[in-house]
Each structure stands twice: as C-alpha cells, then as structure tokens.
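Quick notes on the structure that follows.
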Amino acid sequence: MRKLAMGVGITLAFLVALTWLAGRGVFGSPEHVGEVTATRRPETAVAATLRTQREGADAVGVRRPKQILFGDLHVHSTFSRDAFMFSLPLLKGEGAHPPSDACDFARFCSALDFWSINDHASNISSEEWADTVESIRQCNAVGGSGANPDTVAFLGWEWTQVGLTPDTHYGHKNVVLAGTGEDDVPARPIAATRQLGASPPVLALGAGALLAGGRMHDLAAMYTDAEGREVCPEGVPTEELAPDCLDVASTPADLFRRLEENGAEVIVIPHGTAWGLYTPPGSSWDKQLAGAMHDPARQTLIEIYSGHGETEVYRDWRAVEIGEDGSLSCPEPQPDYVPSCWHAGELIRERCLAEGDDAEECEARAVVARQHAVDARVAIQRTVPGTTAADWLDAGQCQDCQQPAFNYRPASSAQYIAALGNFDEAGEPRRFRMGFMASSDNHYARPGTGYKEIHRRGFTESNDGVTIDAGPLGSALLGGGEEPIAESVPFQLDRLAISVFETERQASFFVTGGLVAAHSTGRDRESIWSALQRREVYGTSGPRMLLW
C-alpha cells in the first residue's frame, strides 16, 4: 500500500508539474507574421474604379474633383489577444490570421485603396512589432512606391484603455503612422495598460492546453510572455529605453506626451466611444476636452461607425443617474430606452411572483436588484444569477437608432462630442474638431469587410452562437453556470476579465464594418495622408458611396 500511495503521489506530482508547464506556455510557440502574396491587383481594375468616379463627378457637375479613395483604418490580426482567442479551436476558430493575411485581403478581396494594421499595443511583443513593421513594408513593396500603387498600407496600433469608473475611463484610440521608414517608426507601440484583463489560472490554462493541444499551447505562451514583459520606466527618453520593454501611457495626456517624445508623425482616432460593453454607465467625453487630455494636432479624426455599429447619434436618456454626491441610481424607462438596471429589477420581480411571493415583497426585491445592477457597472448580468443573453432582450439599447453600438452611451456619442465646449480659458471655447469616418474593427485580418453582407462569422465579430466548451479553462474565462434564483446578488467590479462582460449578448449587435473615404489628390501615400490630415473624409457603413 505504501508503494502504491507513493506511486500515485509521484504520478499526481508529475501531472501537476506537466499541467503547470503547459500553463506557462513551455510547449507553445509565438504567432507567425506570414508572407505577403507578391502580386499586385490588376491595373485595369484600378483604372476602371477611377473612370467610374470621373463619370459620377461629371454627372453631378463637380469641377476638378479629387479622387475618392476608400480605406479601413482599424484592422486586427491574431497578434491581438482577443483576435487570437477567436481563432482557437475552443471557439471553433479558423486558425491564425496574421498581418500578411490582412494585406492580401485588402488587395484582392475588398480592393481597398488604403488600410492600416491596429493590433492592441498591450499584446504586441518587441518581436511581433518588428514582424508587423516588416509585413507592412512588404505589402507596400508589392503595391509599388510610385504614384499609382494598388493599395497603400499604413502602420499603427490600438491604445486600448478601459476604466472601471466613469472618472477613470477614456476608451480606445487607434494610432496611425504617416510613414514606414526607419526614421518614421517608433521602437515600440504605446499601450494603455500592461495587458487587457486578468490571465486565467495557470493550471486551468495548462489543463485546457493539454486537452486541446495546438494553438492552446500558443495561447499559454502568449499569456506568459505578456506577464513577463517589464514596463518601461517613467522619465526615461525613448531612445534610452530597453528594446523589449512595454511603453505604457495610462491616460490620453500620457499618450500624447509619449507620441510627442517619439517624434513620429501620427493621427490618433478615437473609436467605439458610445459602445457600452466596457464603457461604464455614466461615462462621458467632457473630461477629455480638458487640458492635455486632447491634442488637436494629432487627434483629428473620429470613427463613428464600425462592425460594432454606429456611435453617432445623441439621445437624452442615460444608463444611470448620478447624484450631486456621486451616488448612482437607476432611471426609469423611456419610450425608446429601457435601462439594463431597470430590466434587472423586472427579471427578479418575475421570478419572485412565479414563486408565489406577494407583490409588495417582489417590488422590494426589484428595487434592491436595480441598485445592485447600477453598482455592478458593466457587469450588470452578474447580479441576476442564471440569466441567458435572451433574457435581457434589448435592454440598454438605443431602440430608435439604425444600427446602434451595444449598450449605447449617448454622452460619448459623436454628436455629443462635437457639441462640447470647454470654457476654462479666456477667449473662444475649446472644442473638438475631428473629421467623421468609419472603419471595420475586424479581428480576422479582413479589412473592408462591409463590401458585402455575407459570412457573418469572420466578416463580423459575432461568434454566431458558438460558446466556449465546458471545462477548466471555459469556467475560468466565463465563470461557472449559476442556478436562477428570485433575488439579486451584489457584484463588486474590481478587475477586468471576459467573465464580467456581456460577451454573448453583444454578438447580436455586430454588423459588417464600415469604410473611410478620403478626397485625395492622388493614390500615393503622401496624398492620402494629406487628405486624412485635412479631414477631407467621410464614412460609410460599407458601400462605396461617392460624395462630393
């Protein structure tokens, strides 16, 4: 028996050690950048597009029209953590979609005139950044550096900031670089945080990797790499930093300061401003017009439509009410809007009545449920145990918007932002002056997906009903199943993780991506960049509509 116990102990120790090693990514490998196809789009195709535009301009009497070029300035590859997750067998994913795939798709599928890569800076290692730079250069080399390239690829990244409270939330911004030469590209992208969300427990991640194999081992390696990277020290000039440190700027003011220090010519494009999956209820853009939080020389465009829907229109309702003392309460429904916190109370009321309790008791529980929901901020669904995505219907949605972003936040909409004025200084009030544009925010390396409403899984961010398989990793990521009960539970939001967001319900509100159109004097990089800087742009929800 002693030998048997010893054997069992040794076996268990070996399995735990093996699982721990797998969870630390020992058996994984980094994502590869891929190879750009060395073929241009046919010259006849590019010429035909230009001819059609000239005919359209003549038909409406436009004298000396600039070319209208269509692009996508918001594209992710599987160098981004969330895109990598979508690619896993665990989510019935398609596998790797590296930056080279994005170049080929922009060139041969969506036939874009220009596009940019914008992987999350918090995920990009120094090796991946170098690979991304080289891939973008390859893409441009195939297209040609003269006056008539078939497509122009811009280099960039996403500064992905999420605050737990309205006062600390600034949202996401894409940084797009003018050039790709040695003197144009900073040594590293600038992130908003060390990494997006908490890492799964090592043993859960290791168990998932050993059971599924393949890219699950690569996922573990990705998490381990992110945890092992050192944050660049504050106050050290960019050129003196270690090549593999992570440059972190936690506020827009910090981001603009670091961009100034880097010296690279960039455009900063906020996006998803009214998207409420991660934006705390009560958040608004007022604070971003104050002082160094806005850089009018760099922050010159704003993305008002993407695969997440539109963030354009303003409405006067709010997801929460904020008292003078900072306290939060749940507002009552309006004809075209039901706050999610209110719906939480209705769900508890229905369960309570179904169990046979009296109306007074059920109303009291509904009141408590509304407050629990408000206090949970973006994790409202965690306060009503045992709910499904369908239980929440269209709560939190702008019901009279055309294609609204999920859990709409009107005080961060483009119309609200454009109307803001800051009167802190003498003279004319300070205002945002940003050109309205659109892009895709595609996470499958597919720029310009809005050209056709097909292939919902891959052309949009929807997982099309696919859920994470049961198991230790699935439970660690999304939380275990809960039984429905007739009382709400408080939820304290103290860290970001996939399990706190309404990741399943948001999929119902994904659409194919939009496009940015630029009035450009030519097809070359410099002409396109000049058009973007002049804000001679507009956005579409996908079609190539000609607008003069």
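Following the order of the structure tokens, chains are lettered A, B, ..., residues in each are numbered from 1, and ligands are numbered from 1.
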Against stretch 503-506 of chain A, which residues of stretch 268-338 of chain A fall within 10 Å? For each one I want the closest pair of atoms and the distance in Å (one decimal), counting only C-alpha atoms, rows by chain and increasing residue number, as CSV.
residue,atom,partner,partner_atom,distance
A:Gly276,CA,A:Gln506,CA,9.5
A:Leu277,CA,A:Gln506,CA,7.4
A:His308,CA,A:Gln506,CA,8.8
Could you write those residues out with all heavy atoms, as an mmCIF file, in the first residue's frame?
data_model
loop_
_atom_site.group_PDB
_atom_site.id
_atom_site.type_symbol
_atom_site.label_atom_id
_atom_site.label_comp_id
_atom_site.auth_asym_id
_atom_site.auth_seq_id
_atom_site.Cartn_x
_atom_site.Cartn_y
_atom_site.Cartn_z
ATOM 1 N N GLY A 276 -21.006 50.316 -25.107
ATOM 2 C CA GLY A 276 -21.098 50.140 -23.673
ATOM 3 C C GLY A 276 -20.675 48.805 -23.127
ATOM 4 O O GLY A 276 -20.873 48.559 -21.934
ATOM 5 N N LEU A 277 -20.111 47.928 -23.952
ATOM 6 C CA LEU A 277 -19.662 46.644 -23.402
ATOM 7 C C LEU A 277 -18.678 46.878 -22.267
ATOM 8 O O LEU A 277 -18.773 46.256 -21.210
ATOM 9 C CB LEU A 277 -19.006 45.789 -24.488
ATOM 10 C CG LEU A 277 -18.424 44.469 -23.970
ATOM 11 C CD1 LEU A 277 -19.533 43.472 -23.700
ATOM 12 C CD2 LEU A 277 -17.405 43.882 -24.934
ATOM 13 N N HIS A 308 -19.013 47.219 -34.831
ATOM 14 C CA HIS A 308 -19.747 47.253 -33.569
ATOM 15 C C HIS A 308 -20.991 48.132 -33.664
ATOM 16 O O HIS A 308 -21.676 48.327 -32.657
ATOM 17 C CB HIS A 308 -18.842 47.770 -32.454
ATOM 18 C CG HIS A 308 -17.697 46.857 -32.156
ATOM 19 N ND1 HIS A 308 -17.861 45.653 -31.513
ATOM 20 C CD2 HIS A 308 -16.381 46.952 -32.432
ATOM 21 C CE1 HIS A 308 -16.689 45.056 -31.401
ATOM 22 N NE2 HIS A 308 -15.777 45.812 -31.953
#
Excluding same-chain residues fewer than 3 positions from A:Ala518, what lies within 9 Å of it counting only C-alpha atoms, as a PDB file with N, CA and C atoms, in the first residue's frame?
ATOM      1  N   GLN A  67      -9.721  62.480 -56.324  1.00  0.00           N
ATOM      2  CA  GLN A  67     -10.111  61.078 -56.287  1.00  0.00           C
ATOM      3  C   GLN A  67     -10.742  60.774 -54.929  1.00  0.00           C
ATOM      4  N   ILE A  68     -11.748  59.932 -54.921  1.00  0.00           N
ATOM      5  CA  ILE A  68     -12.308  59.443 -53.663  1.00  0.00           C
ATOM      6  C   ILE A  68     -11.761  58.039 -53.437  1.00  0.00           C
ATOM      7  N   LEU A  69     -10.921  57.916 -52.446  1.00  0.00           N
ATOM      8  CA  LEU A  69     -10.277  56.635 -52.142  1.00  0.00           C
ATOM      9  C   LEU A  69     -10.890  56.050 -50.880  1.00  0.00           C
ATOM     10  N   PHE A  70     -11.070  54.736 -50.880  1.00  0.00           N
ATOM     11  CA  PHE A  70     -11.733  54.059 -49.774  1.00  0.00           C
ATOM     12  C   PHE A  70     -10.742  53.207 -48.999  1.00  0.00           C
ATOM     13  N   GLY A  71     -10.853  53.269 -47.672  1.00  0.00           N
ATOM     14  CA  GLY A  71      -9.915  52.536 -46.833  1.00  0.00           C
ATOM     15  C   GLY A  71     -10.539  52.042 -45.546  1.00  0.00           C
ATOM     16  N   ILE A 528      -2.725  60.545 -49.772  1.00  0.00           N
ATOM     17  CA  ILE A 528      -3.750  60.003 -48.871  1.00  0.00           C
ATOM     18  C   ILE A 528      -3.576  60.581 -47.468  1.00  0.00           C
ATOM     19  N   ALA A 531      -4.846  64.079 -47.236  1.00  0.00           N
ATOM     20  CA  ALA A 531      -6.304  64.135 -47.177  1.00  0.00           C
ATOM     21  C   ALA A 531      -6.810  63.831 -45.769  1.00  0.00           C
ATOM     22  N   LEU A 532      -6.204  62.839 -45.116  1.00  0.00           N
ATOM     23  CA  LEU A 532      -6.592  62.498 -43.752  1.00  0.00           C
ATOM     24  C   LEU A 532      -6.307  63.661 -42.802  1.00  0.00           C
ATOM     25  N   ARG A 535      -8.746  66.384 -42.955  1.00  0.00           N
ATOM     26  CA  ARG A 535     -10.075  65.922 -42.551  1.00  0.00           C
ATOM     27  C   ARG A 535     -11.048  65.935 -43.734  1.00  0.00           C
ATOM     28  N   GLU A 536     -10.541  65.773 -44.942  1.00  0.00           N
ATOM     29  CA  GLU A 536     -11.413  65.670 -46.116  1.00  0.00           C
ATOM     30  C   GLU A 536     -11.849  64.208 -46.248  1.00  0.00           C
ATOM     31  N   VAL A 537     -12.666  63.796 -45.298  1.00  0.00           N
ATOM     32  CA  VAL A 537     -13.067  62.397 -45.191  1.00  0.00           C
ATOM     33  C   VAL A 537     -14.559  62.308 -44.912  1.00  0.00           C
ATOM     34  N   TYR A 538     -15.110  61.138 -45.132  1.00  0.00           N
ATOM     35  CA  TYR A 538     -16.433  60.787 -44.643  1.00  0.00           C
ATOM     36  C   TYR A 538     -16.444  59.291 -44.397  1.00  0.00           C
ATOM     37  N   GLY A 539     -17.520  58.811 -43.804  1.00  0.00           N
ATOM     38  CA  GLY A 539     -17.604  57.388 -43.509  1.00  0.00           C
ATOM     39  C   GLY A 539     -18.851  56.785 -44.116  1.00  0.00           C
TER      40      GLY A 539
END
Best match for closeness to A:Glu363 among A:Ala290, A:Val338, A:Met545, A:Ala486, counting only C-alpha atoms
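When distances to A:Glu363 are compared using only C-alpha atoms, the smallest one comes from A:Ala486.
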Neighbours of A:Glu261 within 12 Å (only C-alpha atoms; same-chain residues fewer than 6 positions away dropped), as a PyMOL selection string?
chain A and resi 186-187+190+235-240+254-255
Near-A:Asp101 list (12 Å; only C-alpha atoms; drop same-chain fewer than 4 positions) as an MDAnalysis selection string:
chainID A and resid 32:37 75:79 95:97 105:109 117 132 135:136 138:139 443:447
Nearest-residue call for A:Ala344, choices A:Ser488, A:Gln299, A:Ser250, A:Thr273, using only C-alpha atoms
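Nearest candidate to A:Ala344 out of A:Ser488, A:Gln299, A:Ser250, A:Thr273: A:Ser488.
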Within stretch 371-462 of chain A, find each residue whose DSSP state, derived from the backbone, is strand (DSSP E or B), and express the selection as JSON, numbers by chain.
{"A": [404, 422, 430, 435, 436, 437, 438, 442, 460]}
Could you please take those selected residues and save C-alpha atoms as a JSON list (two decimals), in the first residue's frame?
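Result saved to out19.json:
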[["chain", "number", "residue", "atom", "x", "y", "z"],
["A", 404, "PRO", "CA", -26.59, 51.17, -32.57],
["A", 422, "ASN", "CA", -14.55, 73.88, -22.65],
["A", 430, "ARG", "CA", -12.10, 74.95, -26.74],
["A", 435, "GLY", "CA", -13.44, 64.50, -39.14],
["A", 436, "PHE", "CA", -16.13, 61.82, -39.09],
["A", 437, "MET", "CA", -15.08, 58.49, -40.61],
["A", 438, "ALA", "CA", -15.78, 54.76, -40.38],
["A", 442, "ASN", "CA", -12.33, 43.41, -37.90],
["A", 460, "THR", "CA", -18.31, 40.46, -38.28]]
Residue list (helix (DSSP H, G or I), DSSP) for stretch 357-485 of chain A, as a PyMOL selection string:
chain A and resi 359-383+389-392+410-412+414-419+449-451+456-459+472-478
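Proximity to A:Val378 was assessed for A:Thr512, A:Ser530, A:Ser110, A:Ser499 counting only C-alpha atoms; the smallest distance is recorded for A:Ser499.
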Using Å and a single decimal, report how far atom CA of A:Ile417 sits from atom CA of A:Asp286.
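Distance between the two atoms: 7.7 Å.
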Please report the interatomic distance between atom CA of A:Arg456 and atom CA of A:Tyr408 in Å with one decimal.
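Taking atom CA of A:Arg456 as the start and atom CA of A:Tyr408 as the end point, the length is 22.0 Å.
The list of residues with at least one atom within 8 Å of stretch 85-88 of chain A, based on only C-alpha atoms and without residues fewer than 3 positions apart in the same chain, reads Thr78, Arg81, Asp82, Leu91, Lys92, Gly93, Glu94, Gly95, Ala96, His97, Arg215, Met216, Leu219 and Asn463 of chain A.
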Write to file, as a PDB file, in the first residue's frame, the residues of the selection just made, with N, CA, C and O atoms.
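Output below, filename part-v6.pdb:
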ATOM      1  N   THR A  78      -4.193  38.216 -35.647  1.00  0.00           N
ATOM      2  CA  THR A  78      -4.120  37.366 -34.455  1.00  0.00           C
ATOM      3  C   THR A  78      -2.906  37.697 -33.587  1.00  0.00           C
ATOM      4  O   THR A  78      -2.616  36.968 -32.638  1.00  0.00           O
ATOM      5  N   ARG A  81      -4.687  39.840 -28.712  1.00  0.00           N
ATOM      6  CA  ARG A  81      -5.109  38.753 -27.839  1.00  0.00           C
ATOM      7  C   ARG A  81      -6.538  38.312 -28.117  1.00  0.00           C
ATOM      8  O   ARG A  81      -6.826  37.107 -28.189  1.00  0.00           O
ATOM      9  N   ASP A  82      -7.467  39.280 -28.245  1.00  0.00           N
ATOM     10  CA  ASP A  82      -8.860  38.886 -28.464  1.00  0.00           C
ATOM     11  C   ASP A  82      -9.027  38.196 -29.813  1.00  0.00           C
ATOM     12  O   ASP A  82      -9.772  37.217 -29.936  1.00  0.00           O
ATOM     13  N   LEU A  91     -13.161  27.943 -29.589  1.00  0.00           N
ATOM     14  CA  LEU A  91     -14.259  28.766 -30.084  1.00  0.00           C
ATOM     15  C   LEU A  91     -14.599  28.433 -31.534  1.00  0.00           C
ATOM     16  O   LEU A  91     -15.156  29.268 -32.242  1.00  0.00           O
ATOM     17  N   LYS A  92     -14.236  27.234 -31.969  1.00  0.00           N
ATOM     18  CA  LYS A  92     -14.469  26.811 -33.352  1.00  0.00           C
ATOM     19  C   LYS A  92     -13.819  27.791 -34.326  1.00  0.00           C
ATOM     20  O   LYS A  92     -14.365  28.109 -35.376  1.00  0.00           O
ATOM     21  N   GLY A  93     -12.643  28.291 -33.970  1.00  0.00           N
ATOM     22  CA  GLY A  93     -11.966  29.318 -34.765  1.00  0.00           C
ATOM     23  C   GLY A  93     -11.334  28.776 -36.027  1.00  0.00           C
ATOM     24  O   GLY A  93     -11.183  27.564 -36.216  1.00  0.00           O
ATOM     25  N   GLU A  94     -10.937  29.709 -36.892  1.00  0.00           N
ATOM     26  CA  GLU A  94     -10.377  29.360 -38.198  1.00  0.00           C
ATOM     27  C   GLU A  94      -8.868  29.166 -38.168  1.00  0.00           C
ATOM     28  O   GLU A  94      -8.282  28.776 -39.168  1.00  0.00           O
ATOM     29  N   GLY A  95      -8.216  29.489 -37.050  1.00  0.00           N
ATOM     30  CA  GLY A  95      -6.761  29.431 -37.004  1.00  0.00           C
ATOM     31  C   GLY A  95      -6.147  30.805 -37.209  1.00  0.00           C
ATOM     32  O   GLY A  95      -6.829  31.822 -37.163  1.00  0.00           O
ATOM     33  N   ALA A  96      -4.847  30.814 -37.450  1.00  0.00           N
ATOM     34  CA  ALA A  96      -4.096  32.067 -37.497  1.00  0.00           C
ATOM     35  C   ALA A  96      -4.531  32.962 -38.653  1.00  0.00           C
ATOM     36  O   ALA A  96      -4.799  32.500 -39.760  1.00  0.00           O
ATOM     37  N   HIS A  97      -4.606  34.263 -38.365  1.00  0.00           N
ATOM     38  CA  HIS A  97      -4.818  35.299 -39.374  1.00  0.00           C
ATOM     39  C   HIS A  97      -3.806  36.412 -39.093  1.00  0.00           C
ATOM     40  O   HIS A  97      -4.131  37.412 -38.451  1.00  0.00           O
ATOM     41  N   ARG A 215      -2.914  25.285 -30.793  1.00  0.00           N
ATOM     42  CA  ARG A 215      -2.880  26.714 -30.513  1.00  0.00           C
ATOM     43  C   ARG A 215      -3.208  27.053 -29.063  1.00  0.00           C
ATOM     44  O   ARG A 215      -2.942  28.177 -28.624  1.00  0.00           O
ATOM     45  N   MET A 216      -3.779  26.121 -28.327  1.00  0.00           N
ATOM     46  CA  MET A 216      -3.990  26.365 -26.910  1.00  0.00           C
ATOM     47  C   MET A 216      -2.648  26.490 -26.184  1.00  0.00           C
ATOM     48  O   MET A 216      -2.507  27.265 -25.237  1.00  0.00           O
ATOM     49  N   LEU A 219      -1.522  29.947 -26.889  1.00  0.00           N
ATOM     50  CA  LEU A 219      -2.211  30.917 -26.051  1.00  0.00           C
ATOM     51  C   LEU A 219      -1.521  31.026 -24.693  1.00  0.00           C
ATOM     52  O   LEU A 219      -1.323  32.133 -24.174  1.00  0.00           O
ATOM     53  N   ASN A 463     -19.607  35.450 -32.857  1.00  0.00           N
ATOM     54  CA  ASN A 463     -19.196  34.043 -32.831  1.00  0.00           C
ATOM     55  C   ASN A 463     -20.318  33.133 -33.303  1.00  0.00           C
ATOM     56  O   ASN A 463     -20.196  31.906 -33.258  1.00  0.00           O
TER      57      ASN A 463
END
Excluding same-chain residues fewer than 4 positions from A:Gly171, what lies within 7 Å of it counting only C-alpha atoms, as a list of chain:residue names?
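Once the adjacent positions are removed, what remains is A:Thr160, A:Gln161, A:Val162, A:Thr273.
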I need the chosen residues saved as a PDB file, in the first residue's frame, with N, CA, C and O atoms.
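Contents of again-v3.pdb, as written:
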ATOM      1  N   THR A 160      -5.593  50.787 -26.030  1.00  0.00           N
ATOM      2  CA  THR A 160      -6.842  50.193 -25.561  1.00  0.00           C
ATOM      3  C   THR A 160      -6.979  50.412 -24.066  1.00  0.00           C
ATOM      4  O   THR A 160      -6.439  49.653 -23.262  1.00  0.00           O
ATOM      5  N   GLN A 161      -7.720  51.469 -23.681  1.00  0.00           N
ATOM      6  CA  GLN A 161      -7.869  51.820 -22.277  1.00  0.00           C
ATOM      7  C   GLN A 161      -9.290  51.549 -21.817  1.00  0.00           C
ATOM      8  O   GLN A 161     -10.255  51.855 -22.521  1.00  0.00           O
ATOM      9  N   VAL A 162      -9.429  50.940 -20.655  1.00  0.00           N
ATOM     10  CA  VAL A 162     -10.733  50.696 -20.056  1.00  0.00           C
ATOM     11  C   VAL A 162     -10.646  51.058 -18.581  1.00  0.00           C
ATOM     12  O   VAL A 162      -9.797  50.523 -17.859  1.00  0.00           O
ATOM     13  N   THR A 273     -16.716  54.980 -29.092  1.00  0.00           N
ATOM     14  CA  THR A 273     -16.888  55.865 -27.945  1.00  0.00           C
ATOM     15  C   THR A 273     -18.189  55.612 -27.183  1.00  0.00           C
ATOM     16  O   THR A 273     -18.234  55.745 -25.971  1.00  0.00           O
TER      17      THR A 273
END
What's the separation between atom CA of A:Ala369 and atom CA of A:Gln399, in Å to one decimal place?
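Separation of atom CA of A:Ala369 and atom CA of A:Gln399: 23.2 Å.
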Counting only C-alpha atoms, the residue of A:Leu496, A:Val152, A:Ala379, A:Leu164 that sits nearest A:Asn140:
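Checking each of A:Leu496, A:Val152, A:Ala379, A:Leu164 against A:Asn140, counting only C-alpha atoms, the winner is A:Val152.
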Non-local contacts of A:Thr193 (6 Å; only C-alpha atoms; under 2 positions in same chain excluded) as a PyMOL selection string:
chain A and resi 191+195+248
Could you write those residues out with N, CA and C atoms, as an mmCIF file, in the first residue's frame?
data_model
loop_
_atom_site.group_PDB
_atom_site.id
_atom_site.type_symbol
_atom_site.label_atom_id
_atom_site.label_comp_id
_atom_site.auth_asym_id
_atom_site.auth_seq_id
_atom_site.Cartn_x
_atom_site.Cartn_y
_atom_site.Cartn_z
ATOM 1 N N ALA A 191 1.051 51.356 -25.166
ATOM 2 C CA ALA A 191 -0.133 50.692 -24.638
ATOM 3 C C ALA A 191 -0.773 51.532 -23.542
ATOM 4 N N GLN A 195 -1.662 44.604 -19.684
ATOM 5 C CA GLN A 195 -2.366 43.652 -20.535
ATOM 6 C C GLN A 195 -3.854 43.822 -20.308
ATOM 7 N N VAL A 248 3.895 52.172 -21.511
ATOM 8 C CA VAL A 248 2.530 52.312 -21.020
ATOM 9 C C VAL A 248 2.203 53.777 -20.769
#
Between A:Ala192, A:Val202, A:Val62, A:Leu73, which is the closest to A:Thr251 once you count only C-alpha atoms?
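Going through A:Ala192, A:Val202, A:Val62, A:Leu73 one by one, the smallest distance to A:Thr251 is for A:Ala192.
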